[in-house]
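See below for final-v8.cif, which holds mmCIF, N, CA and C atoms and all ligand atoms.
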data_query
loop_
_atom_site.label_atom_id
_atom_site.label_comp_id
_atom_site.auth_asym_id
_atom_site.auth_seq_id
_atom_site.Cartn_x
_atom_site.Cartn_y
_atom_site.Cartn_z
N MET A 199 -18.56 -12.07 1.28
CA MET A 199 -17.68 -11.88 0.14
C MET A 199 -16.79 -10.65 0.35
N SER A 200 -15.72 -10.61 -0.38
CA SER A 200 -14.77 -9.51 -0.24
C SER A 200 -15.15 -8.38 -1.18
N ASN A 201 -14.39 -7.31 -1.09
CA ASN A 201 -14.60 -6.20 -2.02
C ASN A 201 -13.59 -6.24 -3.16
N LYS A 202 -13.02 -7.41 -3.40
CA LYS A 202 -12.08 -7.55 -4.51
C LYS A 202 -12.82 -7.36 -5.83
N PRO A 203 -12.11 -6.86 -6.84
CA PRO A 203 -12.76 -6.67 -8.14
C PRO A 203 -13.21 -8.01 -8.73
N ILE A 204 -14.34 -7.97 -9.45
CA ILE A 204 -14.89 -9.17 -10.09
C ILE A 204 -14.47 -9.14 -11.56
N PRO A 205 -13.82 -10.21 -12.04
CA PRO A 205 -13.45 -10.25 -13.46
C PRO A 205 -14.69 -10.12 -14.35
N LYS A 206 -14.54 -9.35 -15.42
CA LYS A 206 -15.64 -9.18 -16.35
C LYS A 206 -15.57 -10.25 -17.45
N THR A 207 -16.69 -10.89 -17.67
CA THR A 207 -16.77 -11.92 -18.69
C THR A 207 -17.11 -11.29 -20.03
N THR A 208 -16.43 -11.75 -21.07
CA THR A 208 -16.75 -11.34 -22.44
C THR A 208 -17.16 -12.58 -23.21
N PRO A 209 -17.73 -12.43 -24.40
CA PRO A 209 -18.07 -13.63 -25.18
C PRO A 209 -16.85 -14.54 -25.40
N GLU A 210 -15.67 -13.95 -25.53
CA GLU A 210 -14.46 -14.76 -25.76
C GLU A 210 -14.01 -15.49 -24.50
N THR A 211 -14.27 -14.91 -23.33
CA THR A 211 -13.74 -15.50 -22.09
C THR A 211 -14.79 -16.25 -21.28
N GLU A 212 -16.04 -16.25 -21.72
CA GLU A 212 -17.11 -16.87 -20.93
C GLU A 212 -16.83 -18.34 -20.61
N TYR A 213 -16.33 -19.09 -21.58
CA TYR A 213 -16.08 -20.51 -21.35
C TYR A 213 -14.90 -20.71 -20.39
N PHE A 214 -13.93 -19.80 -20.43
CA PHE A 214 -12.82 -19.86 -19.47
C PHE A 214 -13.36 -19.72 -18.04
N TRP A 215 -14.20 -18.70 -17.82
CA TRP A 215 -14.71 -18.44 -16.47
C TRP A 215 -15.69 -19.51 -16.01
N SER A 216 -16.49 -20.05 -16.91
CA SER A 216 -17.38 -21.14 -16.50
C SER A 216 -16.56 -22.37 -16.14
N GLY A 217 -15.40 -22.54 -16.79
CA GLY A 217 -14.50 -23.63 -16.42
C GLY A 217 -13.95 -23.44 -15.01
N CYS A 218 -13.55 -22.22 -14.70
CA CYS A 218 -13.04 -21.95 -13.35
C CYS A 218 -14.10 -22.27 -12.30
N ALA A 219 -15.34 -21.91 -12.58
CA ALA A 219 -16.43 -22.21 -11.63
C ALA A 219 -16.65 -23.71 -11.50
N ALA A 220 -16.29 -24.46 -12.54
CA ALA A 220 -16.44 -25.91 -12.52
C ALA A 220 -15.17 -26.61 -12.05
N GLY A 221 -14.15 -25.82 -11.66
CA GLY A 221 -12.91 -26.41 -11.18
C GLY A 221 -11.98 -26.87 -12.28
N GLU A 222 -12.14 -26.29 -13.48
CA GLU A 222 -11.29 -26.65 -14.63
C GLU A 222 -10.60 -25.41 -15.19
N LEU A 223 -9.30 -25.56 -15.46
CA LEU A 223 -8.61 -24.53 -16.22
C LEU A 223 -8.76 -24.90 -17.69
N ARG A 224 -9.30 -23.98 -18.48
CA ARG A 224 -9.56 -24.25 -19.90
C ARG A 224 -8.74 -23.31 -20.77
N LEU A 225 -8.15 -23.88 -21.82
CA LEU A 225 -7.33 -23.10 -22.75
C LEU A 225 -7.83 -23.33 -24.18
N GLN A 226 -7.60 -22.33 -25.02
CA GLN A 226 -7.95 -22.44 -26.43
C GLN A 226 -6.81 -23.10 -27.21
N HIS A 227 -7.17 -24.05 -28.06
CA HIS A 227 -6.22 -24.72 -28.96
C HIS A 227 -6.64 -24.43 -30.39
N CYS A 228 -5.67 -24.11 -31.23
CA CYS A 228 -5.95 -23.85 -32.64
C CYS A 228 -5.98 -25.18 -33.40
N ARG A 229 -7.08 -25.41 -34.10
CA ARG A 229 -7.18 -26.65 -34.89
C ARG A 229 -6.33 -26.58 -36.15
N SER A 230 -5.96 -25.37 -36.54
CA SER A 230 -5.21 -25.21 -37.78
C SER A 230 -3.70 -25.41 -37.57
N CYS A 231 -3.13 -24.77 -36.52
CA CYS A 231 -1.67 -24.83 -36.35
C CYS A 231 -1.25 -25.47 -35.03
N GLY A 232 -2.18 -25.75 -34.13
CA GLY A 232 -1.84 -26.39 -32.87
C GLY A 232 -1.44 -25.45 -31.75
N HIS A 233 -1.39 -24.15 -32.04
CA HIS A 233 -1.02 -23.17 -31.03
C HIS A 233 -2.02 -23.20 -29.87
N VAL A 234 -1.51 -23.04 -28.65
CA VAL A 234 -2.36 -22.96 -27.46
C VAL A 234 -2.24 -21.54 -26.92
N GLN A 235 -3.37 -20.90 -26.63
CA GLN A 235 -3.30 -19.50 -26.24
C GLN A 235 -4.08 -19.17 -24.97
N TYR A 236 -3.56 -18.17 -24.29
CA TYR A 236 -4.20 -17.55 -23.13
C TYR A 236 -3.70 -16.12 -23.11
N PRO A 237 -4.57 -15.13 -22.90
CA PRO A 237 -6.02 -15.24 -22.72
C PRO A 237 -6.75 -15.57 -24.00
N ALA A 238 -8.05 -15.84 -23.84
CA ALA A 238 -8.88 -16.25 -24.97
C ALA A 238 -9.04 -15.11 -25.98
N ARG A 239 -9.10 -15.51 -27.25
CA ARG A 239 -9.30 -14.56 -28.34
C ARG A 239 -10.21 -15.20 -29.38
N LYS A 240 -10.74 -14.34 -30.28
CA LYS A 240 -11.57 -14.87 -31.36
C LYS A 240 -10.72 -15.64 -32.36
N LEU A 241 -9.48 -15.17 -32.56
CA LEU A 241 -8.59 -15.75 -33.56
C LEU A 241 -7.39 -16.40 -32.88
N CYS A 242 -6.75 -17.30 -33.58
CA CYS A 242 -5.49 -17.86 -33.12
C CYS A 242 -4.41 -16.78 -33.20
N SER A 243 -3.70 -16.56 -32.12
CA SER A 243 -2.64 -15.54 -32.14
C SER A 243 -1.38 -16.06 -32.83
N GLY A 244 -1.38 -17.35 -33.20
CA GLY A 244 -0.23 -17.89 -33.93
C GLY A 244 -0.37 -17.77 -35.43
N CYS A 245 -1.58 -18.09 -35.95
CA CYS A 245 -1.77 -18.11 -37.41
C CYS A 245 -2.99 -17.32 -37.87
N PHE A 246 -3.73 -16.73 -36.94
CA PHE A 246 -4.92 -15.90 -37.21
C PHE A 246 -6.11 -16.70 -37.74
N ALA A 247 -6.05 -18.02 -37.66
CA ALA A 247 -7.22 -18.82 -38.05
C ALA A 247 -8.33 -18.59 -37.03
N GLN A 248 -9.57 -18.73 -37.50
CA GLN A 248 -10.72 -18.58 -36.60
C GLN A 248 -11.15 -19.93 -36.04
N ASP A 249 -10.30 -20.94 -36.18
CA ASP A 249 -10.67 -22.30 -35.83
C ASP A 249 -10.02 -22.70 -34.50
N VAL A 250 -10.48 -22.09 -33.42
CA VAL A 250 -9.95 -22.43 -32.10
C VAL A 250 -11.01 -23.20 -31.32
N GLU A 251 -10.53 -24.14 -30.51
CA GLU A 251 -11.44 -24.92 -29.67
C GLU A 251 -10.93 -24.91 -28.23
N TRP A 252 -11.85 -25.14 -27.31
CA TRP A 252 -11.50 -25.18 -25.89
C TRP A 252 -11.17 -26.60 -25.47
N ARG A 253 -10.14 -26.70 -24.64
CA ARG A 253 -9.81 -27.99 -24.02
C ARG A 253 -9.46 -27.76 -22.56
N ARG A 254 -9.72 -28.76 -21.76
CA ARG A 254 -9.34 -28.69 -20.36
C ARG A 254 -7.82 -28.81 -20.26
N ALA A 255 -7.21 -27.92 -19.49
CA ALA A 255 -5.76 -27.95 -19.29
C ALA A 255 -5.43 -28.78 -18.06
N SER A 256 -4.16 -29.14 -17.95
CA SER A 256 -3.73 -29.92 -16.79
C SER A 256 -3.81 -29.11 -15.50
N GLY A 257 -3.70 -27.79 -15.64
CA GLY A 257 -3.67 -26.94 -14.45
C GLY A 257 -2.29 -26.86 -13.83
N ARG A 258 -1.33 -27.47 -14.49
CA ARG A 258 0.03 -27.50 -13.94
C ARG A 258 0.98 -26.65 -14.75
N GLY A 259 2.01 -26.18 -14.08
CA GLY A 259 3.02 -25.38 -14.75
C GLY A 259 4.22 -25.18 -13.85
N LYS A 260 5.09 -24.26 -14.30
CA LYS A 260 6.30 -23.97 -13.54
C LYS A 260 6.43 -22.46 -13.36
N VAL A 261 6.99 -22.06 -12.23
CA VAL A 261 7.20 -20.64 -11.95
C VAL A 261 8.24 -20.08 -12.91
N ARG A 262 7.80 -19.10 -13.70
CA ARG A 262 8.71 -18.45 -14.66
C ARG A 262 9.34 -17.21 -14.03
N SER A 263 8.54 -16.48 -13.28
CA SER A 263 9.03 -15.31 -12.56
C SER A 263 8.00 -14.94 -11.50
N TRP A 264 8.37 -14.03 -10.60
CA TRP A 264 7.43 -13.61 -9.56
C TRP A 264 7.88 -12.29 -8.97
N SER A 265 6.96 -11.64 -8.27
CA SER A 265 7.31 -10.47 -7.48
C SER A 265 6.47 -10.52 -6.21
N VAL A 266 7.00 -9.93 -5.17
CA VAL A 266 6.31 -9.90 -3.89
C VAL A 266 5.57 -8.58 -3.78
N VAL A 267 4.27 -8.65 -3.60
CA VAL A 267 3.44 -7.46 -3.53
C VAL A 267 3.27 -7.07 -2.06
N VAL A 268 3.67 -5.86 -1.73
CA VAL A 268 3.51 -5.37 -0.35
C VAL A 268 2.51 -4.22 -0.28
N ALA A 269 2.20 -3.62 -1.44
CA ALA A 269 1.23 -2.54 -1.50
C ALA A 269 0.29 -2.81 -2.66
N PRO A 270 -0.83 -3.50 -2.41
CA PRO A 270 -1.72 -3.88 -3.51
C PRO A 270 -2.31 -2.67 -4.22
N GLY A 271 -2.45 -2.79 -5.54
CA GLY A 271 -2.97 -1.70 -6.35
C GLY A 271 -4.47 -1.76 -6.55
N ALA A 272 -5.11 -2.77 -6.00
CA ALA A 272 -6.56 -2.91 -6.15
C ALA A 272 -7.17 -3.15 -4.78
N PRO A 273 -8.42 -2.72 -4.57
CA PRO A 273 -9.04 -2.91 -3.26
C PRO A 273 -9.31 -4.39 -2.97
N GLY A 274 -9.34 -4.72 -1.68
CA GLY A 274 -9.71 -6.07 -1.28
C GLY A 274 -8.55 -6.97 -0.96
N PHE A 275 -7.34 -6.53 -1.27
CA PHE A 275 -6.17 -7.37 -1.05
C PHE A 275 -5.32 -6.91 0.14
N GLU A 276 -5.77 -5.87 0.83
CA GLU A 276 -4.96 -5.27 1.89
C GLU A 276 -4.59 -6.29 2.98
N SER A 277 -5.50 -7.17 3.30
CA SER A 277 -5.25 -8.11 4.39
C SER A 277 -4.37 -9.29 3.96
N GLU A 278 -4.04 -9.37 2.66
CA GLU A 278 -3.29 -10.52 2.16
C GLU A 278 -1.81 -10.23 1.95
N VAL A 279 -1.39 -8.99 2.08
CA VAL A 279 0.01 -8.66 1.82
C VAL A 279 0.89 -9.13 2.97
N PRO A 280 2.14 -9.52 2.69
CA PRO A 280 2.67 -9.63 1.33
C PRO A 280 2.16 -10.89 0.65
N PHE A 281 1.96 -10.82 -0.68
CA PHE A 281 1.63 -12.02 -1.43
C PHE A 281 2.51 -12.09 -2.67
N VAL A 282 2.52 -13.26 -3.29
CA VAL A 282 3.41 -13.51 -4.43
C VAL A 282 2.61 -13.44 -5.72
N SER A 283 2.89 -12.42 -6.53
CA SER A 283 2.35 -12.34 -7.88
C SER A 283 3.28 -13.17 -8.76
N VAL A 284 2.71 -14.10 -9.51
CA VAL A 284 3.54 -15.10 -10.19
C VAL A 284 3.20 -15.20 -11.67
N LEU A 285 4.24 -15.42 -12.49
CA LEU A 285 4.05 -15.80 -13.89
C LEU A 285 4.28 -17.30 -13.98
N VAL A 286 3.23 -18.02 -14.40
CA VAL A 286 3.31 -19.47 -14.50
C VAL A 286 3.39 -19.86 -15.97
N ALA A 287 4.44 -20.61 -16.31
CA ALA A 287 4.55 -21.21 -17.64
C ALA A 287 3.74 -22.50 -17.60
N LEU A 288 2.54 -22.47 -18.17
CA LEU A 288 1.66 -23.63 -18.13
C LEU A 288 2.26 -24.78 -18.95
N ASP A 289 2.00 -26.00 -18.54
CA ASP A 289 2.53 -27.16 -19.25
C ASP A 289 2.11 -27.16 -20.72
N GLU A 290 0.96 -26.58 -21.03
CA GLU A 290 0.47 -26.53 -22.42
C GLU A 290 1.14 -25.44 -23.25
N GLY A 291 1.90 -24.53 -22.61
CA GLY A 291 2.63 -23.51 -23.36
C GLY A 291 2.41 -22.08 -22.95
N PRO A 292 1.16 -21.61 -22.79
CA PRO A 292 0.97 -20.20 -22.47
C PRO A 292 1.51 -19.83 -21.08
N THR A 293 1.77 -18.56 -20.90
CA THR A 293 2.16 -18.03 -19.60
C THR A 293 0.97 -17.30 -19.00
N MET A 294 0.74 -17.52 -17.71
CA MET A 294 -0.43 -16.96 -17.04
C MET A 294 0.01 -16.18 -15.82
N LEU A 295 -0.50 -14.96 -15.67
CA LEU A 295 -0.25 -14.14 -14.49
C LEU A 295 -1.28 -14.51 -13.43
N SER A 296 -0.80 -14.76 -12.22
CA SER A 296 -1.72 -15.17 -11.16
C SER A 296 -1.09 -14.82 -9.81
N VAL A 297 -1.59 -15.46 -8.78
CA VAL A 297 -1.06 -15.31 -7.42
C VAL A 297 -0.71 -16.69 -6.91
N LEU A 298 0.43 -16.80 -6.24
CA LEU A 298 0.86 -18.07 -5.66
C LEU A 298 0.43 -18.13 -4.20
N ARG A 299 -0.36 -19.14 -3.87
CA ARG A 299 -0.85 -19.34 -2.50
C ARG A 299 0.00 -20.41 -1.82
N ASP A 300 -0.14 -20.50 -0.51
CA ASP A 300 0.49 -21.56 0.28
C ASP A 300 2.00 -21.63 0.08
N CYS A 301 2.64 -20.48 -0.11
CA CYS A 301 4.08 -20.44 -0.30
C CYS A 301 4.59 -19.10 0.20
N ALA A 302 5.50 -19.13 1.17
CA ALA A 302 6.07 -17.89 1.70
C ALA A 302 6.89 -17.20 0.60
N PRO A 303 6.87 -15.86 0.56
CA PRO A 303 7.60 -15.15 -0.49
C PRO A 303 9.07 -15.58 -0.60
N GLU A 304 9.72 -15.86 0.52
CA GLU A 304 11.13 -16.24 0.48
C GLU A 304 11.35 -17.68 0.04
N ALA A 305 10.29 -18.44 -0.12
CA ALA A 305 10.41 -19.85 -0.49
C ALA A 305 10.17 -20.10 -1.98
N VAL A 306 9.80 -19.08 -2.75
CA VAL A 306 9.52 -19.27 -4.17
C VAL A 306 10.83 -19.53 -4.92
N GLU A 307 10.77 -20.43 -5.92
CA GLU A 307 11.96 -20.75 -6.71
C GLU A 307 11.62 -20.76 -8.19
N PHE A 308 12.61 -20.37 -9.02
CA PHE A 308 12.44 -20.48 -10.46
C PHE A 308 12.22 -21.94 -10.83
N GLY A 309 11.27 -22.19 -11.70
CA GLY A 309 11.03 -23.55 -12.16
C GLY A 309 10.23 -24.41 -11.20
N GLN A 310 9.82 -23.83 -10.09
CA GLN A 310 9.04 -24.57 -9.10
C GLN A 310 7.74 -25.08 -9.73
N ALA A 311 7.42 -26.34 -9.52
CA ALA A 311 6.18 -26.91 -10.05
C ALA A 311 4.99 -26.41 -9.24
N VAL A 312 3.95 -25.98 -9.95
CA VAL A 312 2.75 -25.45 -9.30
C VAL A 312 1.52 -26.07 -9.95
N THR A 313 0.40 -25.99 -9.25
CA THR A 313 -0.87 -26.47 -9.78
C THR A 313 -1.96 -25.46 -9.46
N VAL A 314 -2.96 -25.42 -10.30
CA VAL A 314 -4.02 -24.42 -10.16
C VAL A 314 -4.96 -24.78 -9.02
N ILE A 315 -5.48 -23.75 -8.38
CA ILE A 315 -6.58 -23.87 -7.42
C ILE A 315 -7.56 -22.75 -7.77
N PHE A 316 -8.77 -22.86 -7.30
CA PHE A 316 -9.77 -21.83 -7.62
C PHE A 316 -10.34 -21.26 -6.34
N GLU A 317 -10.42 -19.93 -6.29
CA GLU A 317 -10.99 -19.27 -5.11
C GLU A 317 -12.24 -18.51 -5.53
N GLN A 318 -13.27 -18.67 -4.71
CA GLN A 318 -14.54 -18.02 -5.02
C GLN A 318 -14.44 -16.52 -4.79
N ARG A 319 -14.82 -15.75 -5.78
CA ARG A 319 -14.77 -14.28 -5.68
C ARG A 319 -16.16 -13.71 -5.39
N ASP A 320 -17.19 -14.25 -6.01
CA ASP A 320 -18.57 -13.91 -5.64
C ASP A 320 -19.44 -15.14 -5.87
N GLU A 321 -20.75 -14.98 -5.97
CA GLU A 321 -21.63 -16.14 -6.02
C GLU A 321 -21.25 -17.11 -7.14
N SER A 322 -20.87 -16.58 -8.29
CA SER A 322 -20.65 -17.46 -9.43
C SER A 322 -19.26 -17.35 -10.04
N VAL A 323 -18.44 -16.44 -9.54
CA VAL A 323 -17.12 -16.22 -10.15
C VAL A 323 -16.03 -16.84 -9.28
N TYR A 324 -15.23 -17.69 -9.92
CA TYR A 324 -14.07 -18.30 -9.28
C TYR A 324 -12.83 -17.86 -10.04
N VAL A 325 -11.76 -17.56 -9.30
CA VAL A 325 -10.55 -17.01 -9.89
C VAL A 325 -9.42 -18.04 -9.73
N PRO A 326 -8.66 -18.26 -10.82
CA PRO A 326 -7.56 -19.23 -10.72
C PRO A 326 -6.34 -18.66 -10.01
N TYR A 327 -5.85 -19.39 -9.05
CA TYR A 327 -4.60 -19.11 -8.36
C TYR A 327 -3.74 -20.37 -8.49
N PHE A 328 -2.53 -20.31 -7.96
CA PHE A 328 -1.67 -21.49 -8.03
C PHE A 328 -1.11 -21.76 -6.64
N LYS A 329 -0.71 -23.01 -6.43
CA LYS A 329 -0.03 -23.41 -5.19
C LYS A 329 1.09 -24.36 -5.57
N PRO A 330 2.09 -24.50 -4.72
CA PRO A 330 3.17 -25.44 -5.02
C PRO A 330 2.62 -26.85 -5.20
N LEU A 331 3.21 -27.55 -6.15
CA LEU A 331 2.88 -28.95 -6.38
C LEU A 331 3.89 -29.76 -5.59
N ILE A 332 3.44 -30.39 -4.54
CA ILE A 332 4.33 -31.07 -3.60
C ILE A 332 4.31 -32.57 -3.86
N GLY A 333 5.48 -33.16 -3.91
CA GLY A 333 5.59 -34.61 -3.91
C GLY A 333 5.23 -35.29 -5.22
N GLU A 334 5.26 -34.53 -6.35
CA GLU A 334 4.96 -35.18 -7.63
C GLU A 334 6.01 -34.81 -8.65
ZN ZN B 401 -3.25 -21.25 -35.31
#
Give the structure from the file, written as structure tokens.
Ligand SMILES: [Zn+2]
Amino acid sequence: MSNKPIPKTTPETEYFWSGCAAGELRLQHCRSCGHVQYPARKLCSGCFAQDVEWRRASGRGKVRSWSVVVAPGAPGFESEVPFVSVLVALDEGPTMLSVLRDCAPEAVEFGQAVTVIFEQRDESVYVPYFKPLIGE
């Protein structure tokens, strides 16, 4: 395993992380107003209702913005630079900060279709990344 930081699970995010370990991207949906949110919270960030439920997301989205990282700010990423830090507009609505794999920094495009992949960080923690969605 690497020396990359391990995401800390909270009661609000536990189901998100267990989904990643199961190969599913999971998002909270508000039963009251329909808002979809990320990251997870106790309340709906749209209407403050406490009636949120988890649903499996498509895992797909589009590149909203990105930056090329040449000097990582956290340990464990030194061997991966340069890499693409990406903002993905998920098909369900929320925007997610992640890393784009399998794409050269000079090849990234606004609106590029991407899909989630999961990389193992330690024995039980998997982290969501994205890769270009080719041919769909
Ligand atoms: Zn709501």
Report, in Å to a single decimal, how far apart atom C of Leu285 of chain A and atom CA of Val323 of chain A are.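 Rounded to one decimal, the two atoms are 21.8 Å apart.
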From the set A:His233, A:Pro303, A:Ser200, A:Glu212, which residue has the shortest atom-to-atom contact distance to Val267 of chain A, counting all atoms listed in the file? A:Pro303
Show me which residues are within 7 Å of ligand ZN 401 (chain B) counting only C-alpha atoms and all ligand atoms, and format the list as an mmCIF file with N, CA and C atoms, in the coordinates of the input.
data_model
loop_
_atom_site.group_PDB
_atom_site.id
_atom_site.type_symbol
_atom_site.label_atom_id
_atom_site.label_comp_id
_atom_site.auth_asym_id
_atom_site.auth_seq_id
_atom_site.Cartn_x
_atom_site.Cartn_y
_atom_site.Cartn_z
ATOM 1 N N CYS A 228 -5.670 -24.110 -31.230
ATOM 2 C CA CYS A 228 -5.950 -23.850 -32.640
ATOM 3 C C CYS A 228 -5.980 -25.180 -33.400
ATOM 4 N N ARG A 229 -7.080 -25.410 -34.100
ATOM 5 C CA ARG A 229 -7.180 -26.650 -34.890
ATOM 6 C C ARG A 229 -6.330 -26.580 -36.150
ATOM 7 N N SER A 230 -5.960 -25.370 -36.540
ATOM 8 C CA SER A 230 -5.210 -25.210 -37.780
ATOM 9 C C SER A 230 -3.700 -25.410 -37.570
ATOM 10 N N CYS A 231 -3.130 -24.770 -36.520
ATOM 11 C CA CYS A 231 -1.670 -24.830 -36.350
ATOM 12 C C CYS A 231 -1.250 -25.470 -35.030
ATOM 13 N N GLY A 232 -2.180 -25.750 -34.130
ATOM 14 C CA GLY A 232 -1.840 -26.390 -32.870
ATOM 15 C C GLY A 232 -1.440 -25.450 -31.750
ATOM 16 N N HIS A 233 -1.390 -24.150 -32.040
ATOM 17 C CA HIS A 233 -1.020 -23.170 -31.030
ATOM 18 C C HIS A 233 -2.020 -23.200 -29.870
ATOM 19 N N CYS A 242 -6.750 -17.300 -33.580
ATOM 20 C CA CYS A 242 -5.490 -17.860 -33.120
ATOM 21 C C CYS A 242 -4.410 -16.780 -33.200
ATOM 22 N N SER A 243 -3.700 -16.560 -32.120
ATOM 23 C CA SER A 243 -2.640 -15.540 -32.140
ATOM 24 C C SER A 243 -1.380 -16.060 -32.830
ATOM 25 N N GLY A 244 -1.380 -17.350 -33.200
ATOM 26 C CA GLY A 244 -0.230 -17.890 -33.930
ATOM 27 C C GLY A 244 -0.370 -17.770 -35.430
ATOM 28 N N CYS A 245 -1.580 -18.090 -35.950
ATOM 29 C CA CYS A 245 -1.770 -18.110 -37.410
ATOM 30 C C CYS A 245 -2.990 -17.320 -37.870
ATOM 31 N N PHE A 246 -3.730 -16.730 -36.940
ATOM 32 C CA PHE A 246 -4.920 -15.900 -37.210
ATOM 33 C C PHE A 246 -6.110 -16.700 -37.740
ATOM 34 N N ALA A 247 -6.050 -18.020 -37.660
ATOM 35 C CA ALA A 247 -7.220 -18.820 -38.050
ATOM 36 C C ALA A 247 -8.330 -18.590 -37.030
#
Hey, which of A:Pro237, A:Val282, A:Phe214, A:Arg319 ends up closest to Trp252 of chain A? Count only C-alpha atoms.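 Going through A:Pro237, A:Val282, A:Phe214, A:Arg319 one by one, the smallest distance to Trp252 of chain A is for A:Phe214.
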Using atom CA of Ile204 of chain A and atom CA of Arg239 of chain A as the two end points, give the distance in Å to one decimal. 19.8 Å
Among segment 216-259 of chain A, which residues carry a DSSP assignment of strand (DSSP E or B), reported as a list in words?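 Selecting the strand (DSSP E or B) positions of segment 216-259 of chain A gives Arg224, Leu225, Gln226, His227, Cys228, Val234, Gln235, Val250, Glu251, Trp252, Arg253, Arg254, Arg258 and Gly259 of chain A.
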DSSP alpha helix (DSSP H) selection over segment 200-334 of chain A, as a list of chain:residue names: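 DSSP-assigned alpha helix (DSSP H) residues in segment 200-334 of chain A: A:Glu212, A:Tyr213, A:Phe214, A:Trp215, A:Ser216, A:Gly217, A:Cys218, A:Ala219.
Distance annotation: of A:Glu290, A:Glu307, A:Glu210, A:Glu317, the residue with the minimal separation from Ser263 of chain A is A:Glu307; atom set is only N, CA and C atoms.
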Suppose you want the space between atom CA of Gly257 of chain A and atom CA of Gly271 of chain A; what is it in Å?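 Separating atom CA of Gly257 of chain A from atom CA of Gly271 of chain A is a distance of 26.5 Å.
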Among listed residues A:Thr293, A:Trp264, A:Asp300, A:Asp320, nearest Val234 of chain A (using only N, CA and C atoms): A:Thr293
Go through A:Val325, A:Ile332, A:Val266, A:Cys301 one by one, measure the shortest atom-to-atom distance of each to Pro203 of chain A using only C-alpha atoms, and give the residue with the smallest value.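 Of A:Val325, A:Ile332, A:Val266, A:Cys301, the one nearest Pro203 of chain A is A:Val325, counting only C-alpha atoms.
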